[in-house]
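Report on the structure given below.
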Amino acid sequence: MALRSYRAALFSDMNFAFYSSSGHDCTVLVQGGTKSASNATSMSTPLFSIPADVLAAIVARPEKFLTAYSSLGGGTDAAAYVRSQLGGPFAALQDAGCLATFATVVSYNAVPAGTSPLDPTAATLHELLTAPALAAQHRCRLSALLSLLGNPVLIPPELPAGSKPKATLHFLAWLSTVPLNTGPHTQLVIANVFDQAYLLLDPQYAYALRIPFVGAGPQSSLTLAENVATMMQTPLPPDNLALLDPAATDTVPQMLQVLLSGALGPQFVDKGATTGADFWDNNIAQVVNTMS
Amino acid sequence: MSHGRGRRDFLRTALGTLGFLSLAGCGGGGGSGAASPAEAATVAPGAIDALIPIDAGSMADLRSRPETFLGVYSDLGGSTSSAAFMRAKLGSVFASLTDAGCMTAFATVVASNGAPAGATSLDPMAASLRQLLSSAALTCGHFCKLATLLSLLGHPELIPPDADAGDPPKATLHFIVWLADVPMGTGLHSQLLLANVLDNAYLLLDPMYAFALRIPFVGAGPQADLSVIENAAVMLQTPVTRSNLTLLNPGPTAALPQMLPALTGAALGPQYILHDARYGAEGWDLRIGQILNDLGSRPPV
């Protein structure tokens, strides 16, 4: 059976629904946050299945991540497979975005969530892949490093004015006051992998969100994180959200509601010198320079 | 202690004392009246007669943002593919060269343009991409490391060892380290060797002396009980026709006339390989195997 994609929909007063993107399966309506038992299994089906031996191979030899990616969908066209799994709004997602999405899936599956003594600003790929537990920053770093294996050009910042726009990967750090009910939280944003939209990836809670540009699009006076957060002040149609593994957000239903509701904004963006998006841009920019 | 082992220990001690091994060799000349690499390199800089010229602007971009290497590579050849462009430049005997091989050949070109040959205090085992690209001079080990790191940007799968038994063969990149008495006139010298990027042949790349050599398999091909570099060295005991050799830039070898005849004239062989768990091909395989594991590490101090 083909894996089905589900996305959050119809958030209203804590009543929300998940439904199959392809429409050929059940629509699971969840009232008041209580799942229908008959559909609990299908609801918790991950969008991408990564066999244990594949994960083990990636842990042993990280470059196997690329083999795993290229094997998706039977090895014909991995990007097309990712796009089809994510659903219609992701139909224009470029290969770099598809690979980063799969890196998010691997990151989520490789290590359980939890606290870790690893320094998320300096942890290596091997350290992250072999850690017993990882926090959101670590998982974002792990996703970023895996993505860079396949697309080193994702490194920020963008090329100078006049150059061709290129896809770039950024950390989006939220302050503890962000109404996601996560406390301080970190996600990834990929720019220039959609026409007129950003791609937000959350390796901790296993989802992908397409954030359409609003108004005149990104403002040059704002940082990328501020632009993303500004776009998120506008409510998003639910089909822009793809749950990579519905189980990851089971316990935080309000998170998805807030994410789509327009409740976020630049006032919640962490701009700290050692914690904010600019810091992380510089940190990630060093990954290729320091390859040794 | 065997004669060979004693010889290796002597070399390690002597060259280590001189600092050559810490530079992965090729800095001290090789006796036999050969021109030193530094002397040879005085001919090398510049793109005159280079097979694939790289403009100064691209080199500057590479130094500031190494990942632009991939953009420079993908721009090669205009409307044709970069790999097709490289194959055409290298010559018809390289017609079966895979993209991984083509990109590594181009990384070799970039590395050879990266800095003049000469001594440096950088430890080639630990040197980062940024350090290598900004160094005032490089020795053969550094040139090889630089070409390796650039190649891995586009083809991380080149990391050794070979695929597991039962899996399809995969392209792998290795360092081949020659002992000081190798009859190329280089002294201790490092080159790159790629397996599974050509049909029935190895690809040898020399980023310091700027050439590519196709080493055709002889006899029954590689022997299972030998390593990739041992097999390649065995193949080099058979003369290689000159068409298998492509000079990426004729400058560096112009001052070392005995090198190319030795390389193609069956003068080499496995007896000249430096086997060493730290400084030989075995040590480099291990080091290269760690590059992706260490991705994200702090810059070396």
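Starting from 1 in every chain, residues are counted up; chains themselves are A, B, ... following the order of the structure tokens, and ligands are numbered from 1 as listed.
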
- [ ] Using only C-alpha atoms, find the residues of chain B whose closest atom to chain A is at most 8 Å away, then write them as an NGL selection string.
- [x] :B and (65-68 or 70 or 125-130 or 149 or 153-154 or 156-157 or 291-300)

TODO: Check the DSSP output for the backbone and give back, as number ranges by chain, the residues of segment 62-237 of chain A in alpha helix (DSSP H).
DONE: A: 64-70, 78-86, 95-110, 125-129, 136-150, 224-231

TODO: Pick out the residues sitting within 10 Å of Phe213 of chain A, and hand them over as an MDAnalysis selection string; count only C-alpha atoms, and ignore anything fewer than 6 positions along from it in its own chain.
DONE: chainID A and resid 195:198 227:228 230:232 234

For the residues in the current selection, export C-alpha atoms as an mmCIF file, in the first residue's frame.
data_model
loop_
_atom_site.group_PDB
_atom_site.id
_atom_site.type_symbol
_atom_site.label_atom_id
_atom_site.label_comp_id
_atom_site.auth_asym_id
_atom_site.auth_seq_id
_atom_site.Cartn_x
_atom_site.Cartn_y
_atom_site.Cartn_z
ATOM 1 C CA ASP A 195 8.290 29.872 -6.221
ATOM 2 C CA GLN A 196 6.939 32.525 -3.866
ATOM 3 C CA ALA A 197 7.204 30.547 -0.661
ATOM 4 C CA TYR A 198 9.573 29.405 2.071
ATOM 5 C CA ASN A 227 10.574 37.778 6.744
ATOM 6 C CA VAL A 228 9.507 34.219 7.471
ATOM 7 C CA THR A 230 6.214 38.138 9.135
ATOM 8 C CA MET A 231 4.632 35.815 6.574
ATOM 9 C CA MET A 232 3.443 33.645 9.439
ATOM 10 C CA THR A 234 -1.078 35.573 7.919
#

Open item on the list: Residues near Ala79 of chain A, anyone? I mean within 9 Å using only C-alpha atoms, not counting same-chain ones fewer than 2 positions away, as a PyMOL selection string.
Closed with: chain A and resi 69-70+72-73+77+81-84+93-99

Just N, CA and C atoms for this one: save the residues we selected as a CSV table (one decimal), in the first residue's frame.
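After the write, part28.csv holds the following:
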chain,number,residue,atom,x,y,z
A,69,TYR,N,18.5,8.4,0.1
A,69,TYR,CA,17.6,9.4,-0.6
A,69,TYR,C,17.4,9.0,-2.0
A,70,SER,N,18.4,8.6,-2.7
A,70,SER,CA,18.3,8.2,-4.1
A,70,SER,C,17.5,7.0,-4.4
A,72,LEU,N,14.7,6.4,-2.8
A,72,LEU,CA,13.3,6.6,-2.5
A,72,LEU,C,12.5,6.4,-3.7
A,73,GLY,N,11.3,5.9,-3.5
A,73,GLY,CA,10.4,5.8,-4.6
A,73,GLY,C,10.8,4.7,-5.6
A,77,ASP,N,13.0,8.6,-9.2
A,77,ASP,CA,13.2,10.0,-9.0
A,77,ASP,C,12.8,10.4,-7.6
A,81,TYR,N,9.2,11.6,-5.7
A,81,TYR,CA,8.6,10.8,-4.7
A,81,TYR,C,8.3,11.7,-3.5
A,82,VAL,N,9.3,12.5,-3.1
A,82,VAL,CA,9.1,13.3,-1.9
A,82,VAL,C,7.9,14.3,-2.1
A,83,ARG,N,8.0,14.9,-3.3
A,83,ARG,CA,6.9,15.9,-3.6
A,83,ARG,C,5.5,15.2,-3.6
A,84,SER,N,5.4,14.0,-4.1
A,84,SER,CA,4.1,13.3,-4.1
A,84,SER,C,3.7,12.9,-2.7
A,93,LEU,N,8.3,22.0,-5.2
A,93,LEU,CA,9.5,21.9,-4.4
A,93,LEU,C,10.7,21.4,-5.1
A,94,GLN,N,11.8,22.2,-5.1
A,94,GLN,CA,13.0,21.8,-5.8
A,94,GLN,C,13.7,20.7,-5.1
A,95,ASP,N,14.7,20.0,-5.8
A,95,ASP,CA,15.4,18.9,-5.3
A,95,ASP,C,16.1,19.2,-4.0
A,96,ALA,N,16.7,20.4,-3.9
A,96,ALA,CA,17.4,20.7,-2.6
A,96,ALA,C,16.4,20.7,-1.4
A,97,GLY,N,15.2,21.2,-1.7
A,97,GLY,CA,14.2,21.2,-0.6
A,97,GLY,C,13.7,19.7,-0.3
A,98,CYS,N,13.6,18.9,-1.4
A,98,CYS,CA,13.2,17.5,-1.1
A,98,CYS,C,14.2,16.8,-0.3
A,99,LEU,N,15.5,17.0,-0.6
A,99,LEU,CA,16.5,16.3,0.1
A,99,LEU,C,16.6,16.8,1.5

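The residue that comes closest to Leu263 of chain B, out of B:Ala50, B:Ala281, B:Leu213, B:Leu62 and on the basis of only C-alpha atoms, is B:Leu213.
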
- [ ] Write out as a VMD selection string all residues of segment 130-293 of chain B that DSSP puts in strand (DSSP E) for this structure's backbone.
- [x] chain B and resid 172 to 178 189 to 198 201 to 206 211 to 216 245 to 247

- [ ] Find the residues around segment 112-115 of chain B up to 6 Å (only C-alpha atoms counted), leave out those fewer than 4 positions away in its own chain, and share them as number ranges by chain.
- [x] B: 137, 207-208

Output of the above residues as an mmCIF file, in the first residue's frame, restricted to N, CA and C atoms:
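Written file, selection_1.cif:
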data_model
loop_
_atom_site.group_PDB
_atom_site.id
_atom_site.type_symbol
_atom_site.label_atom_id
_atom_site.label_comp_id
_atom_site.auth_asym_id
_atom_site.auth_seq_id
_atom_site.Cartn_x
_atom_site.Cartn_y
_atom_site.Cartn_z
ATOM 1 N N ALA B 137 51.567 28.214 0.279
ATOM 2 C CA ALA B 137 52.254 27.151 -0.469
ATOM 3 C C ALA B 137 51.733 25.807 0.018
ATOM 4 N N PRO B 207 47.716 16.287 -8.404
ATOM 5 C CA PRO B 207 47.375 17.707 -8.336
ATOM 6 C C PRO B 207 48.605 18.605 -8.215
ATOM 7 N N MET B 208 49.721 18.038 -7.847
ATOM 8 C CA MET B 208 50.928 18.865 -7.728
ATOM 9 C C MET B 208 51.597 19.020 -9.094
#

Open item on the list: List the spatial neighbours of segment 160-170 of chain A as a list in words - criterion: any atom at most 6 Å away, only C-alpha atoms, same-chain residues fewer than 5 positions off excluded.
Closed with: Leu154, Ile155, Leu188, Val189, Ile190, Ala191, Asn192 and Val193 of chain A

Serialized selection, N, CA and C atoms, as an mmCIF file, in the first residue's frame:
data_model
loop_
_atom_site.group_PDB
_atom_site.id
_atom_site.type_symbol
_atom_site.label_atom_id
_atom_site.label_comp_id
_atom_site.auth_asym_id
_atom_site.auth_seq_id
_atom_site.Cartn_x
_atom_site.Cartn_y
_atom_site.Cartn_z
ATOM 1 N N LEU A 154 23.699 24.891 -0.224
ATOM 2 C CA LEU A 154 22.655 25.412 0.667
ATOM 3 C C LEU A 154 23.215 26.365 1.722
ATOM 4 N N ILE A 155 24.522 26.369 1.842
ATOM 5 C CA ILE A 155 25.142 27.207 2.870
ATOM 6 C C ILE A 155 24.774 28.676 2.682
ATOM 7 N N LEU A 188 14.107 24.789 10.906
ATOM 8 C CA LEU A 188 14.899 25.125 9.721
ATOM 9 C C LEU A 188 14.011 25.803 8.681
ATOM 10 N N VAL A 189 14.597 26.750 7.977
ATOM 11 C CA VAL A 189 13.907 27.367 6.843
ATOM 12 C C VAL A 189 14.811 27.254 5.623
ATOM 13 N N ILE A 190 14.228 26.838 4.520
ATOM 14 C CA ILE A 190 14.973 26.775 3.260
ATOM 15 C C ILE A 190 14.364 27.812 2.323
ATOM 16 N N ALA A 191 15.207 28.703 1.844
ATOM 17 C CA ALA A 191 14.752 29.746 0.910
ATOM 18 C C ALA A 191 15.096 29.343 -0.515
ATOM 19 N N ASN A 192 14.296 29.827 -1.429
ATOM 20 C CA ASN A 192 14.535 29.615 -2.878
ATOM 21 C C ASN A 192 14.433 28.155 -3.316
ATOM 22 N N VAL A 193 13.557 27.428 -2.665
ATOM 23 C CA VAL A 193 13.261 26.076 -3.162
ATOM 24 C C VAL A 193 11.808 25.978 -3.637
#

Open item on the list: as a ChimeraX atom specification, please: the residues near segment 203-206 of chain B (cut-off 9 Å, only C-alpha atoms, same-chain neighbours under 2 positions excluded).
Closed with: /B:97,101,104-105,108,112,140,143-144,176,190-198,201,208-216,232

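Among the candidate residues B:Ala163, B:Leu133, B:Asp61, B:Ser151, the one lying nearest to Ala57 of chain A is B:Ala163, with distances computed using only C-alpha atoms.
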